[in-house]
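J.: There's a structure below that I have some questions on.
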Amino acid sequence: MAENLVLGIDIGGSSVKGGIVDVNAGRVVGQRCTIEHEPLPRLEIITESIKTIIHEVQYKGAEIGVGFPGVVSDYEVINGPNMGDDIRHGSLIESLSENGFSCTLLNDADSALYHAIRNYKKYSGTETTLLITIGTSLGTAVSQRGRLLRNVELGRLLNEDGVRIDQTASARALRENGTDMRGWAENLSSAITRIASCVSPEIILLGGGITEQPESWFGMVDVDWDVRLAPDSNQAGLIGAACWHNDSKMRHREEVSSK
């Protein structure tokens, strides 16, 4: 398979999404595949979902970039509050390596923001950009002048009542708490304000599956910042993860050749 085609995987609290990404163009080629799972999935479930996606999208290569919902290094999971306990340290990368794949990890919100700053010039030069993913929890990512600051996790801050903001403002909260859309949008606005006050962004991007149908809620978001939908909506994470994997390999090759 062509070197510019990398499999992008976006692991979330309720599903695993994947697709083949043309890293030169920064876009998905062909279909995107989604495999749903139960809460707190274990390593075997995640690995099998990725293998199913590989089969469904007919990926013939060996390069995979993985967006993961937690704090990660390139090759190790440091924490994953919505994942099973056995997905820790190098277990995920080791499992995929045993199946013949070369992989890197990136936080899922970082993946979505990396796609924006790498593949869209209007975001690469912004002084400070904050991206918030709205899903099972609230993920956050920050970049400054096109440089990604990895693992900035602010989605579990407490609100003025001492309640975690993701418990009232996430997509899960909208589904499970019985709040109407306007009440939820008010909670989301408060959560965005809470997070933004920590980083003073120039632009705020909103991502996650709920952004694929923004007409029912986006207009109700009321904050004192420039808020936009993240480019490419719910595909951003898998695109960014694939691009990060490709660019990491390129940087490594350049470092080796310069020695």
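Chain labels A, B, ... are given in the sequence in which chains occur in the structure tokens; within each chain residues are numbered consecutively from 1, and ligands are likewise numbered from 1 in the order shown.
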Write out as a list in words all residues of segment 70-131 of chain A that DSSP puts in strand (DSSP E) for this structure's backbone.
T.: Val71, Val72, Val77, Ile78, Asn79, Ser102, Cys103, Thr104, Leu105, Leu106, Asn107, Thr128, Thr129, Leu130 and Leu131 of chain A
J.: Write the residues of the preceding selection, restricted to C-alpha atoms, as a PDB file, in the first residue's frame.
T.:
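Done, and the output landed in selection-v9.pdb:
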ATOM      1  CA  VAL A  71      -2.968  10.597  28.816  1.00  0.00           C
ATOM      2  CA  VAL A  72      -0.438   8.837  26.588  1.00  0.00           C
ATOM      3  CA  VAL A  77      -1.037   4.547  27.977  1.00  0.00           C
ATOM      4  CA  ILE A  78      -0.556   6.465  31.208  1.00  0.00           C
ATOM      5  CA  ASN A  79      -4.237   6.657  32.129  1.00  0.00           C
ATOM      6  CA  SER A 102       3.675  -0.279  13.599  1.00  0.00           C
ATOM      7  CA  CYS A 103       1.712   2.129  15.806  1.00  0.00           C
ATOM      8  CA  THR A 104       1.913   5.358  17.769  1.00  0.00           C
ATOM      9  CA  LEU A 105      -0.497   6.812  20.312  1.00  0.00           C
ATOM     10  CA  LEU A 106      -1.820  10.338  20.694  1.00  0.00           C
ATOM     11  CA  ASN A 107      -4.506  11.648  23.026  1.00  0.00           C
ATOM     12  CA  THR A 128      -3.570  29.832  21.341  1.00  0.00           C
ATOM     13  CA  THR A 129      -6.230  27.389  20.157  1.00  0.00           C
ATOM     14  CA  LEU A 130      -8.353  25.306  22.515  1.00  0.00           C
ATOM     15  CA  LEU A 131     -10.213  22.249  21.233  1.00  0.00           C
TER      16      LEU A 131
END
J.: Could you produce a table of the residues of segment 106-158 of chain A lying within 8 Å of segment 189-208 of chain A, with the nearest pair of atoms per residue and their separation in Å rounded to one decimal, using only C-alpha atoms, ordered by chain and increasing residue number, as a tab-separated table?
T.:
residue	atom	partner	partner_atom	distance
A:Ala112	CA	A:Gly207	CA	7.5
A:Thr126	CA	A:Glu202	CA	7.1
A:Glu127	CA	A:Glu202	CA	6.6
A:Thr128	CA	A:Pro201	CA	4.9
A:Thr129	CA	A:Ile203	CA	5.0
A:Leu130	CA	A:Ile204	CA	4.8
A:Leu131	CA	A:Leu205	CA	4.5
A:Ile132	CA	A:Leu206	CA	5.0
A:Thr133	CA	A:Gly207	CA	4.4
A:Ile134	CA	A:Gly208	CA	5.0
A:Gly135	CA	A:Gly208	CA	5.8
A:Leu154	CA	A:Ile195	CA	6.3
A:Gly155	CA	A:Ile195	CA	7.3
A:Leu157	CA	A:Ile195	CA	7.7
J.: Restricted to all heavy atoms, what would the selected residues look like written as a compact mmCIF listing (two decimals), in the first residue's frame?
T.:
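So out.txt came out as:
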# COMPACT_ATOMS: atom_id res chain seq x y z
N ALA A 112 -7.44 15.39 17.22
CA ALA A 112 -8.35 16.26 16.48
C ALA A 112 -7.75 17.65 16.27
O ALA A 112 -7.88 18.24 15.19
CB ALA A 112 -9.68 16.37 17.22
N THR A 126 -2.40 30.50 14.80
CA THR A 126 -3.15 31.10 15.90
C THR A 126 -2.33 31.08 17.19
O THR A 126 -1.67 30.10 17.50
CB THR A 126 -4.47 30.33 16.13
OG1 THR A 126 -5.21 30.33 14.92
CG2 THR A 126 -5.30 31.00 17.23
N GLU A 127 -2.37 32.17 17.94
CA GLU A 127 -1.56 32.26 19.16
C GLU A 127 -1.88 31.10 20.11
O GLU A 127 -1.00 30.35 20.50
CB GLU A 127 -1.82 33.60 19.86
CG GLU A 127 -1.03 33.80 21.14
CD GLU A 127 0.48 33.83 20.92
OE1 GLU A 127 0.92 34.29 19.85
OE2 GLU A 127 1.20 33.36 21.82
N THR A 128 -3.16 30.96 20.50
CA THR A 128 -3.57 29.83 21.34
C THR A 128 -4.93 29.32 20.87
O THR A 128 -5.88 30.09 20.80
CB THR A 128 -3.67 30.23 22.83
OG1 THR A 128 -2.42 30.75 23.27
CG2 THR A 128 -4.03 29.02 23.69
N THR A 129 -4.98 28.03 20.55
CA THR A 129 -6.23 27.39 20.16
C THR A 129 -6.58 26.33 21.19
O THR A 129 -5.73 25.53 21.59
CB THR A 129 -6.10 26.73 18.77
OG1 THR A 129 -5.76 27.72 17.80
CG2 THR A 129 -7.41 26.06 18.36
N LEU A 130 -7.83 26.32 21.61
CA LEU A 130 -8.35 25.31 22.52
C LEU A 130 -9.37 24.46 21.76
O LEU A 130 -10.27 25.01 21.12
CB LEU A 130 -9.04 25.97 23.72
CG LEU A 130 -9.92 25.08 24.62
CD1 LEU A 130 -9.08 24.03 25.34
CD2 LEU A 130 -10.70 25.93 25.61
N LEU A 131 -9.22 23.15 21.81
CA LEU A 131 -10.21 22.25 21.23
C LEU A 131 -10.84 21.43 22.36
O LEU A 131 -10.14 20.92 23.22
CB LEU A 131 -9.58 21.33 20.19
CG LEU A 131 -10.57 20.40 19.46
CD1 LEU A 131 -10.22 20.28 17.99
CD2 LEU A 131 -10.58 19.00 20.11
N ILE A 132 -12.15 21.34 22.32
CA ILE A 132 -12.90 20.54 23.30
C ILE A 132 -13.70 19.49 22.55
O ILE A 132 -14.49 19.81 21.66
CB ILE A 132 -13.85 21.42 24.13
CG1 ILE A 132 -13.07 22.51 24.88
CG2 ILE A 132 -14.66 20.57 25.12
CD1 ILE A 132 -13.94 23.52 25.61
N THR A 133 -13.47 18.22 22.89
CA THR A 133 -14.26 17.15 22.30
C THR A 133 -15.40 16.79 23.24
O THR A 133 -15.19 16.62 24.45
CB THR A 133 -13.41 15.90 22.03
OG1 THR A 133 -12.80 15.45 23.25
CG2 THR A 133 -12.33 16.18 21.01
N ILE A 134 -16.59 16.69 22.69
CA ILE A 134 -17.80 16.45 23.48
C ILE A 134 -18.25 15.02 23.19
O ILE A 134 -18.80 14.72 22.14
CB ILE A 134 -18.91 17.45 23.10
CG1 ILE A 134 -18.37 18.89 23.18
CG2 ILE A 134 -20.12 17.29 23.99
CD1 ILE A 134 -19.25 19.91 22.49
N GLY A 135 -17.99 14.13 24.15
CA GLY A 135 -18.33 12.73 23.95
C GLY A 135 -18.71 12.08 25.26
O GLY A 135 -19.49 12.66 26.03
N LEU A 154 -8.33 18.90 30.78
CA LEU A 154 -9.06 19.83 31.64
C LEU A 154 -10.56 19.53 31.68
O LEU A 154 -11.32 20.27 32.30
CB LEU A 154 -8.86 21.27 31.14
CG LEU A 154 -7.41 21.78 31.13
CD1 LEU A 154 -7.34 23.16 30.47
CD2 LEU A 154 -6.85 21.83 32.55
N GLY A 155 -10.98 18.44 31.07
CA GLY A 155 -12.41 18.14 30.98
C GLY A 155 -13.04 17.61 32.24
O GLY A 155 -14.25 17.42 32.30
N LEU A 157 -12.46 19.16 35.28
CA LEU A 157 -12.47 20.22 36.28
C LEU A 157 -13.80 20.24 37.03
O LEU A 157 -14.81 19.73 36.54
CB LEU A 157 -12.25 21.58 35.61
CG LEU A 157 -10.87 21.86 34.99
CD1 LEU A 157 -10.92 23.16 34.19
CD2 LEU A 157 -9.80 21.94 36.07
J.: Which neighbours of segment 16-24 of chain A fall inside 8 Å, counting only C-alpha atoms, when residues of the same chain fewer than 4 positions from it are skipped, and could you give them as a PyMOL selection string?
T.: chain A and resi 4-12+28-37+46+49-50+53+57+59+238-239+242-243+246
J.: Next, dump the selected residues to file, keeping only C-alpha atoms, as a PDB file, in the first residue's frame.
T.:
ATOM      1  CA  ASN A   4       0.943   8.145   2.107  1.00  0.00           C
ATOM      2  CA  LEU A   5      -1.924   5.882   3.239  1.00  0.00           C
ATOM      3  CA  VAL A   6      -2.043   5.301   7.000  1.00  0.00           C
ATOM      4  CA  LEU A   7      -4.831   3.760   9.057  1.00  0.00           C
ATOM      5  CA  GLY A   8      -6.263   6.245  11.533  1.00  0.00           C
ATOM      6  CA  ILE A   9      -8.002   4.915  14.649  1.00  0.00           C
ATOM      7  CA  ASP A  10     -10.036   7.008  17.096  1.00  0.00           C
ATOM      8  CA  ILE A  11     -10.851   5.156  20.323  1.00  0.00           C
ATOM      9  CA  GLY A  12     -13.729   6.589  22.336  1.00  0.00           C
ATOM     10  CA  VAL A  28     -10.090  10.046   4.791  1.00  0.00           C
ATOM     11  CA  VAL A  29      -9.965   7.859   1.707  1.00  0.00           C
ATOM     12  CA  GLY A  30     -12.985   5.588   1.302  1.00  0.00           C
ATOM     13  CA  GLN A  31     -15.363   4.647   4.080  1.00  0.00           C
ATOM     14  CA  ARG A  32     -15.116   5.235   7.810  1.00  0.00           C
ATOM     15  CA  CYS A  33     -15.958   2.257   9.999  1.00  0.00           C
ATOM     16  CA  THR A  34     -17.381   2.453  13.539  1.00  0.00           C
ATOM     17  CA  ILE A  35     -17.491  -0.432  16.039  1.00  0.00           C
ATOM     18  CA  GLU A  36     -19.500   0.215  19.201  1.00  0.00           C
ATOM     19  CA  HIS A  37     -18.587  -1.268  22.574  1.00  0.00           C
ATOM     20  CA  ILE A  46     -10.342  -2.759  21.530  1.00  0.00           C
ATOM     21  CA  SER A  49     -12.428  -3.791  17.010  1.00  0.00           C
ATOM     22  CA  ILE A  50      -9.306  -2.429  15.332  1.00  0.00           C
ATOM     23  CA  ILE A  53     -11.950  -2.065  11.053  1.00  0.00           C
ATOM     24  CA  VAL A  57     -11.888  -0.732   5.177  1.00  0.00           C
ATOM     25  CA  TYR A  59      -6.375  -1.695   4.732  1.00  0.00           C
ATOM     26  CA  LEU A 238      -8.642   9.558  13.205  1.00  0.00           C
ATOM     27  CA  ILE A 239      -7.151  11.887  10.574  1.00  0.00           C
ATOM     28  CA  ALA A 242      -2.755   8.986  11.259  1.00  0.00           C
ATOM     29  CA  CYS A 243      -0.945  12.213  10.412  1.00  0.00           C
ATOM     30  CA  ASN A 246       3.347   9.530   9.782  1.00  0.00           C
TER      31      ASN A 246
END
J.: Extract, using only C-alpha atoms, all DNA, RNA and protein residues at most 10 Å from Tyr114 of chain A, discarding same-chain residues fewer than 4 positions from it, and format them as number ranges by chain.
T.: A: 106, 108-110, 118-120, 123-124, 131, 141-143, 146-150, 236-237, 239-241, 243-244
J.: Keeping C-alpha atoms for every residue in the selection just given, could you write it to a file as a compact mmCIF listing (two decimals), in the first residue's frame?
T.:
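Result written to out-v1.txt:
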# COMPACT_ATOMS: atom_id res chain seq x y z
CA LEU A 106 -1.82 10.34 20.69
CA ASP A 108 -7.82 11.73 21.13
CA ALA A 109 -8.45 15.47 21.60
CA ASP A 110 -4.82 16.15 20.69
CA ARG A 118 -1.45 20.57 10.47
CA ASN A 119 -3.96 20.52 7.64
CA TYR A 120 -5.64 23.95 7.90
CA TYR A 123 -5.28 27.42 12.63
CA SER A 124 -1.53 26.82 12.37
CA LEU A 131 -10.21 22.25 21.23
CA ALA A 141 -6.32 19.99 23.65
CA VAL A 142 -4.26 23.17 23.36
CA SER A 143 -1.87 24.48 20.71
CA GLY A 146 0.81 25.69 15.62
CA ARG A 147 2.65 23.67 18.28
CA LEU A 148 0.65 21.00 20.09
CA LEU A 149 0.91 20.95 23.89
CA ARG A 150 0.23 17.29 24.60
CA ALA A 236 -10.81 14.81 12.83
CA GLY A 237 -9.47 12.45 15.50
CA ILE A 239 -7.15 11.89 10.57
CA GLY A 240 -4.96 13.60 13.16
CA ALA A 241 -3.83 10.29 14.67
CA CYS A 243 -0.94 12.21 10.41
CA TRP A 244 0.83 12.25 13.79
J.: Please indicate the distance in Å from atom CA of Arg156 of chain A to atom CA of Ser137 of chain A, rounded to one decimal place.
T.: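 Here the two named atoms are 8.0 Å from each other.
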J.: Would you mind listing what lies within 10 Å of Arg172 of chain A as a ChimeraX atom specification, with only C-alpha atoms counted and same-chain residues fewer than 5 positions away left out?
T.: /A:13-14,134-138,166-167,177
J.: What is the atom CA of Asn151 of chain A to atom CA of Ser73 of chain A distance in Å?
T.: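 Atom-to-atom, atom CA of Asn151 of chain A to atom CA of Ser73 of chain A, that is 8.8 Å.
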J.: Please report the interatomic distance between atom CA of Arg42 of chain A and atom CA of Gly67 of chain A in Å with one decimal.
T.: 16.2 Å
J.: What's the 10 Å shell around Glu44 of chain A, counting only C-alpha atoms, without same-chain residues fewer than 3 positions away, as a compact mmCIF listing (two decimals) with N, CA and C atoms, in the first residue's frame?
T.:
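Wrote around_38.txt, looks like this:
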# COMPACT_ATOMS: atom_id res chain seq x y z
N PRO A 41 -14.30 -0.85 28.07
CA PRO A 41 -13.89 -2.03 27.30
C PRO A 41 -12.47 -2.47 27.65
N THR A 47 -8.67 -4.31 20.69
CA THR A 47 -7.82 -4.91 19.67
C THR A 47 -8.66 -5.57 18.59
N GLU A 48 -9.69 -6.30 18.99
CA GLU A 48 -10.56 -6.96 18.01
C GLU A 48 -11.32 -5.95 17.16
N SER A 49 -11.74 -4.84 17.77
CA SER A 49 -12.43 -3.79 17.01
C SER A 49 -11.52 -3.20 15.94
N ILE A 50 -10.25 -2.97 16.31
CA ILE A 50 -9.31 -2.43 15.33
C ILE A 50 -9.08 -3.42 14.20
N GLY A 84 -10.88 -0.13 30.07
CA GLY A 84 -10.64 -1.22 31.02
C GLY A 84 -9.28 -1.11 31.66
N ASP A 86 -6.93 -3.18 31.98
CA ASP A 86 -5.79 -3.86 31.36
C ASP A 86 -5.21 -3.08 30.18
N ILE A 87 -5.80 -1.93 29.85
CA ILE A 87 -5.23 -1.08 28.79
C ILE A 87 -4.35 -0.04 29.48
N LEU A 92 -1.46 -1.90 24.69
CA LEU A 92 -2.17 -1.72 23.43
C LEU A 92 -1.20 -1.77 22.25
N SER A 95 0.01 -5.32 21.76
CA SER A 95 -1.01 -6.17 21.16
C SER A 95 -1.07 -5.96 19.65
J.: Return the single residue from A:Ile45, A:Ile64, A:Ile54, A:Met220 that is closest to Asp247 of chain A, with distances computed using only C-alpha atoms.
T.: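 Result for the nearest residue to Asp247 of chain A: A:Ile64.
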J.: Please report, as an mmCIF file with N, CA, C and O atoms, in the first residue's frame, each residue of segment 34-174 of chain A to which DSSP assigns helix (DSSP H, G or I) when run on this structure's backbone.
T.:
data_model
loop_
_atom_site.group_PDB
_atom_site.id
_atom_site.type_symbol
_atom_site.label_atom_id
_atom_site.label_comp_id
_atom_site.auth_asym_id
_atom_site.auth_seq_id
_atom_site.Cartn_x
_atom_site.Cartn_y
_atom_site.Cartn_z
ATOM 1 N N LEU A 43 -8.801 -4.644 26.840
ATOM 2 C CA LEU A 43 -7.833 -4.623 25.745
ATOM 3 C C LEU A 43 -8.262 -5.518 24.590
ATOM 4 O O LEU A 43 -8.154 -5.128 23.421
ATOM 5 N N GLU A 44 -8.741 -6.710 24.891
ATOM 6 C CA GLU A 44 -9.127 -7.644 23.830
ATOM 7 C C GLU A 44 -10.217 -7.062 22.941
ATOM 8 O O GLU A 44 -10.186 -7.234 21.713
ATOM 9 N N ILE A 45 -11.181 -6.383 23.541
ATOM 10 C CA ILE A 45 -12.278 -5.796 22.770
ATOM 11 C C ILE A 45 -11.750 -4.713 21.839
ATOM 12 O O ILE A 45 -12.131 -4.638 20.658
ATOM 13 N N ILE A 46 -10.885 -3.845 22.352
ATOM 14 C CA ILE A 46 -10.342 -2.759 21.530
ATOM 15 C C ILE A 46 -9.503 -3.326 20.387
ATOM 16 O O ILE A 46 -9.624 -2.891 19.228
ATOM 17 N N THR A 47 -8.666 -4.305 20.693
ATOM 18 C CA THR A 47 -7.820 -4.908 19.665
ATOM 19 C C THR A 47 -8.662 -5.571 18.585
ATOM 20 O O THR A 47 -8.395 -5.409 17.382
ATOM 21 N N GLU A 48 -9.693 -6.303 18.987
ATOM 22 C CA GLU A 48 -10.559 -6.961 18.008
ATOM 23 C C GLU A 48 -11.322 -5.946 17.162
ATOM 24 O O GLU A 48 -11.531 -6.164 15.964
ATOM 25 N N SER A 49 -11.739 -4.843 17.765
ATOM 26 C CA SER A 49 -12.428 -3.791 17.010
ATOM 27 C C SER A 49 -11.517 -3.204 15.945
ATOM 28 O O SER A 49 -11.942 -2.967 14.803
ATOM 29 N N ILE A 50 -10.254 -2.969 16.307
ATOM 30 C CA ILE A 50 -9.306 -2.429 15.332
ATOM 31 C C ILE A 50 -9.081 -3.422 14.198
ATOM 32 O O ILE A 50 -9.044 -3.044 13.017
ATOM 33 N N LYS A 51 -8.966 -4.703 14.515
ATOM 34 C CA LYS A 51 -8.778 -5.722 13.481
ATOM 35 C C LYS A 51 -10.001 -5.794 12.564
ATOM 36 O O LYS A 51 -9.861 -5.982 11.346
ATOM 37 N N THR A 52 -11.193 -5.634 13.142
ATOM 38 C CA THR A 52 -12.415 -5.618 12.323
ATOM 39 C C THR A 52 -12.414 -4.426 11.382
ATOM 40 O O THR A 52 -12.782 -4.533 10.198
ATOM 41 N N ILE A 53 -12.008 -3.270 11.885
ATOM 42 C CA ILE A 53 -11.950 -2.065 11.053
ATOM 43 C C ILE A 53 -10.958 -2.267 9.902
ATOM 44 O O ILE A 53 -11.239 -1.902 8.753
ATOM 45 N N ILE A 54 -9.802 -2.844 10.203
ATOM 46 C CA ILE A 54 -8.801 -3.108 9.163
ATOM 47 C C ILE A 54 -9.410 -3.943 8.045
ATOM 48 O O ILE A 54 -9.205 -3.670 6.854
ATOM 49 N N HIS A 55 -10.178 -4.963 8.431
ATOM 50 C CA HIS A 55 -10.826 -5.817 7.438
ATOM 51 C C HIS A 55 -11.899 -5.051 6.664
ATOM 52 O O HIS A 55 -11.965 -5.150 5.429
ATOM 53 N N GLU A 56 -12.728 -4.285 7.379
ATOM 54 C CA GLU A 56 -13.853 -3.609 6.735
ATOM 55 C C GLU A 56 -13.405 -2.540 5.745
ATOM 56 O O GLU A 56 -14.009 -2.364 4.681
ATOM 57 N N VAL A 57 -12.340 -1.805 6.077
ATOM 58 C CA VAL A 57 -11.888 -0.732 5.177
ATOM 59 C C VAL A 57 -10.846 -1.234 4.186
ATOM 60 O O VAL A 57 -10.349 -0.467 3.355
ATOM 61 N N SER A 91 0.550 -2.066 26.738
ATOM 62 C CA SER A 91 -0.246 -3.234 26.349
ATOM 63 C C SER A 91 -0.928 -3.077 24.990
ATOM 64 O O SER A 91 -0.955 -4.032 24.199
ATOM 65 N N LEU A 92 -1.464 -1.903 24.692
ATOM 66 C CA LEU A 92 -2.172 -1.718 23.430
ATOM 67 C C LEU A 92 -1.200 -1.771 22.250
ATOM 68 O O LEU A 92 -1.456 -2.454 21.251
ATOM 69 N N ILE A 93 -0.090 -1.055 22.371
ATOM 70 C CA ILE A 93 0.904 -1.062 21.297
ATOM 71 C C ILE A 93 1.480 -2.465 21.114
ATOM 72 O O ILE A 93 1.661 -2.947 19.986
ATOM 73 N N GLU A 94 1.740 -3.166 22.225
ATOM 74 C CA GLU A 94 2.274 -4.527 22.140
ATOM 75 C C GLU A 94 1.297 -5.461 21.443
ATOM 76 O O GLU A 94 1.686 -6.293 20.615
ATOM 77 N N SER A 95 0.006 -5.318 21.763
ATOM 78 C CA SER A 95 -1.008 -6.170 21.157
ATOM 79 C C SER A 95 -1.071 -5.963 19.646
ATOM 80 O O SER A 95 -1.154 -6.923 18.877
ATOM 81 N N LEU A 96 -1.011 -4.701 19.219
ATOM 82 C CA LEU A 96 -1.058 -4.420 17.780
ATOM 83 C C LEU A 96 0.242 -4.815 17.094
ATOM 84 O O LEU A 96 0.226 -5.299 15.963
ATOM 85 N N SER A 97 1.359 -4.645 17.788
ATOM 86 C CA SER A 97 2.654 -5.036 17.213
ATOM 87 C C SER A 97 2.707 -6.541 16.971
ATOM 88 O O SER A 97 3.289 -7.004 15.980
ATOM 89 N N GLU A 98 2.121 -7.306 17.892
ATOM 90 C CA GLU A 98 2.096 -8.759 17.734
ATOM 91 C C GLU A 98 1.323 -9.185 16.492
ATOM 92 O O GLU A 98 1.523 -10.291 15.978
ATOM 93 N N ASP A 108 -6.808 11.566 22.173
ATOM 94 C CA ASP A 108 -7.816 11.729 21.129
ATOM 95 C C ASP A 108 -8.143 13.189 20.818
ATOM 96 O O ASP A 108 -8.315 13.569 19.652
ATOM 97 N N ALA A 109 -8.215 14.043 21.850
ATOM 98 C CA ALA A 109 -8.448 15.469 21.600
ATOM 99 C C ALA A 109 -7.229 16.093 20.926
ATOM 100 O O ALA A 109 -7.366 16.922 20.012
ATOM 101 N N ASP A 110 -6.040 15.690 21.353
ATOM 102 C CA ASP A 110 -4.818 16.152 20.692
ATOM 103 C C ASP A 110 -4.829 15.773 19.215
ATOM 104 O O ASP A 110 -4.379 16.535 18.352
ATOM 105 N N SER A 111 -5.337 14.576 18.914
ATOM 106 C CA SER A 111 -5.401 14.118 17.522
ATOM 107 C C SER A 111 -6.277 15.039 16.682
ATOM 108 O O SER A 111 -5.907 15.424 15.572
ATOM 109 N N ALA A 112 -7.442 15.388 17.216
ATOM 110 C CA ALA A 112 -8.354 16.263 16.479
ATOM 111 C C ALA A 112 -7.746 17.651 16.270
ATOM 112 O O ALA A 112 -7.878 18.242 15.192
ATOM 113 N N LEU A 113 -7.070 18.171 17.291
ATOM 114 C CA LEU A 113 -6.447 19.484 17.154
ATOM 115 C C LEU A 113 -5.238 19.418 16.224
ATOM 116 O O LEU A 113 -4.992 20.357 15.450
ATOM 117 N N TYR A 114 -4.482 18.328 16.285
ATOM 118 C CA TYR A 114 -3.340 18.195 15.384
ATOM 119 C C TYR A 114 -3.795 18.227 13.929
ATOM 120 O O TYR A 114 -3.132 18.841 13.072
ATOM 121 N N HIS A 115 -4.911 17.603 13.643
ATOM 122 C CA HIS A 115 -5.464 17.668 12.286
ATOM 123 C C HIS A 115 -5.735 19.119 11.890
ATOM 124 O O HIS A 115 -5.379 19.547 10.777
ATOM 125 N N ALA A 116 -6.323 19.887 12.785
ATOM 126 C CA ALA A 116 -6.658 21.274 12.458
ATOM 127 C C ALA A 116 -5.409 22.114 12.198
ATOM 128 O O ALA A 116 -5.340 22.856 11.209
ATOM 129 N N ILE A 117 -4.398 22.008 13.078
ATOM 130 C CA ILE A 117 -3.232 22.875 12.936
ATOM 131 C C ILE A 117 -2.276 22.392 11.845
ATOM 132 O O ILE A 117 -1.525 23.194 11.279
ATOM 133 N N ARG A 118 -2.327 21.096 11.536
ATOM 134 C CA ARG A 118 -1.452 20.572 10.471
ATOM 135 C C ARG A 118 -2.035 20.780 9.098
ATOM 136 O O ARG A 118 -1.325 21.106 8.142
ATOM 137 N N ASN A 119 -3.340 20.582 8.970
ATOM 138 C CA ASN A 119 -3.959 20.523 7.644
ATOM 139 C C ASN A 119 -4.784 21.745 7.277
ATOM 140 O O ASN A 119 -5.295 21.818 6.152
ATOM 141 N N LYS A 121 -4.313 25.904 7.328
ATOM 142 C CA LYS A 121 -3.388 27.004 7.595
ATOM 143 C C LYS A 121 -3.958 28.049 8.548
ATOM 144 O O LYS A 121 -3.225 28.660 9.311
ATOM 145 N N LYS A 122 -5.274 28.248 8.527
ATOM 146 C CA LYS A 122 -5.844 29.303 9.359
ATOM 147 C C LYS A 122 -5.729 29.005 10.844
ATOM 148 O O LYS A 122 -5.886 29.915 11.674
ATOM 149 N N TYR A 123 -5.454 27.755 11.219
ATOM 150 C CA TYR A 123 -5.282 27.416 12.629
ATOM 151 C C TYR A 123 -3.807 27.234 13.020
ATOM 152 O O TYR A 123 -3.492 27.256 14.205
ATOM 153 N N SER A 124 -2.934 27.086 12.045
ATOM 154 C CA SER A 124 -1.532 26.815 12.369
ATOM 155 C C SER A 124 -0.822 28.024 12.975
ATOM 156 O O SER A 124 0.137 27.873 13.730
ATOM 157 N N ASP A 166 -17.680 17.449 33.167
ATOM 158 C CA ASP A 166 -18.080 16.480 32.153
ATOM 159 C C ASP A 166 -19.336 15.707 32.559
ATOM 160 O O ASP A 166 -20.007 15.111 31.708
ATOM 161 N N GLN A 167 -19.680 15.726 33.834
ATOM 162 C CA GLN A 167 -20.871 15.005 34.281
ATOM 163 C C GLN A 167 -22.168 15.730 33.931
ATOM 164 O O GLN A 167 -23.242 15.131 34.008
ATOM 165 N N THR A 168 -22.074 16.987 33.546
ATOM 166 C CA THR A 168 -23.274 17.736 33.155
ATOM 167 C C THR A 168 -23.211 18.255 31.725
ATOM 168 O O THR A 168 -24.248 18.616 31.158
ATOM 169 N N ALA A 169 -22.007 18.293 31.114
ATOM 170 C CA ALA A 169 -21.866 18.943 29.810
ATOM 171 C C ALA A 169 -21.401 18.015 28.695
ATOM 172 O O ALA A 169 -21.277 18.455 27.545
ATOM 173 N N ALA A 171 -21.645 14.636 26.002
ATOM 174 C CA ALA A 171 -22.727 14.027 25.221
ATOM 175 C C ALA A 171 -23.402 12.916 26.018
ATOM 176 O O ALA A 171 -24.616 12.711 25.908
ATOM 177 N N ARG A 172 -22.633 12.215 26.850
ATOM 178 C CA ARG A 172 -23.237 11.202 27.716
ATOM 179 C C ARG A 172 -24.233 11.843 28.677
ATOM 180 O O ARG A 172 -25.315 11.300 28.916
ATOM 181 N N ALA A 173 -23.876 12.993 29.234
ATOM 182 C CA ALA A 173 -24.779 13.690 30.152
ATOM 183 C C ALA A 173 -26.081 14.067 29.455
ATOM 184 O O ALA A 173 -27.167 13.960 30.044
ATOM 185 N N LEU A 174 -25.981 14.495 28.208
ATOM 186 C CA LEU A 174 -27.193 14.843 27.457
ATOM 187 C C LEU A 174 -28.092 13.627 27.282
ATOM 188 O O LEU A 174 -29.315 13.723 27.412
#
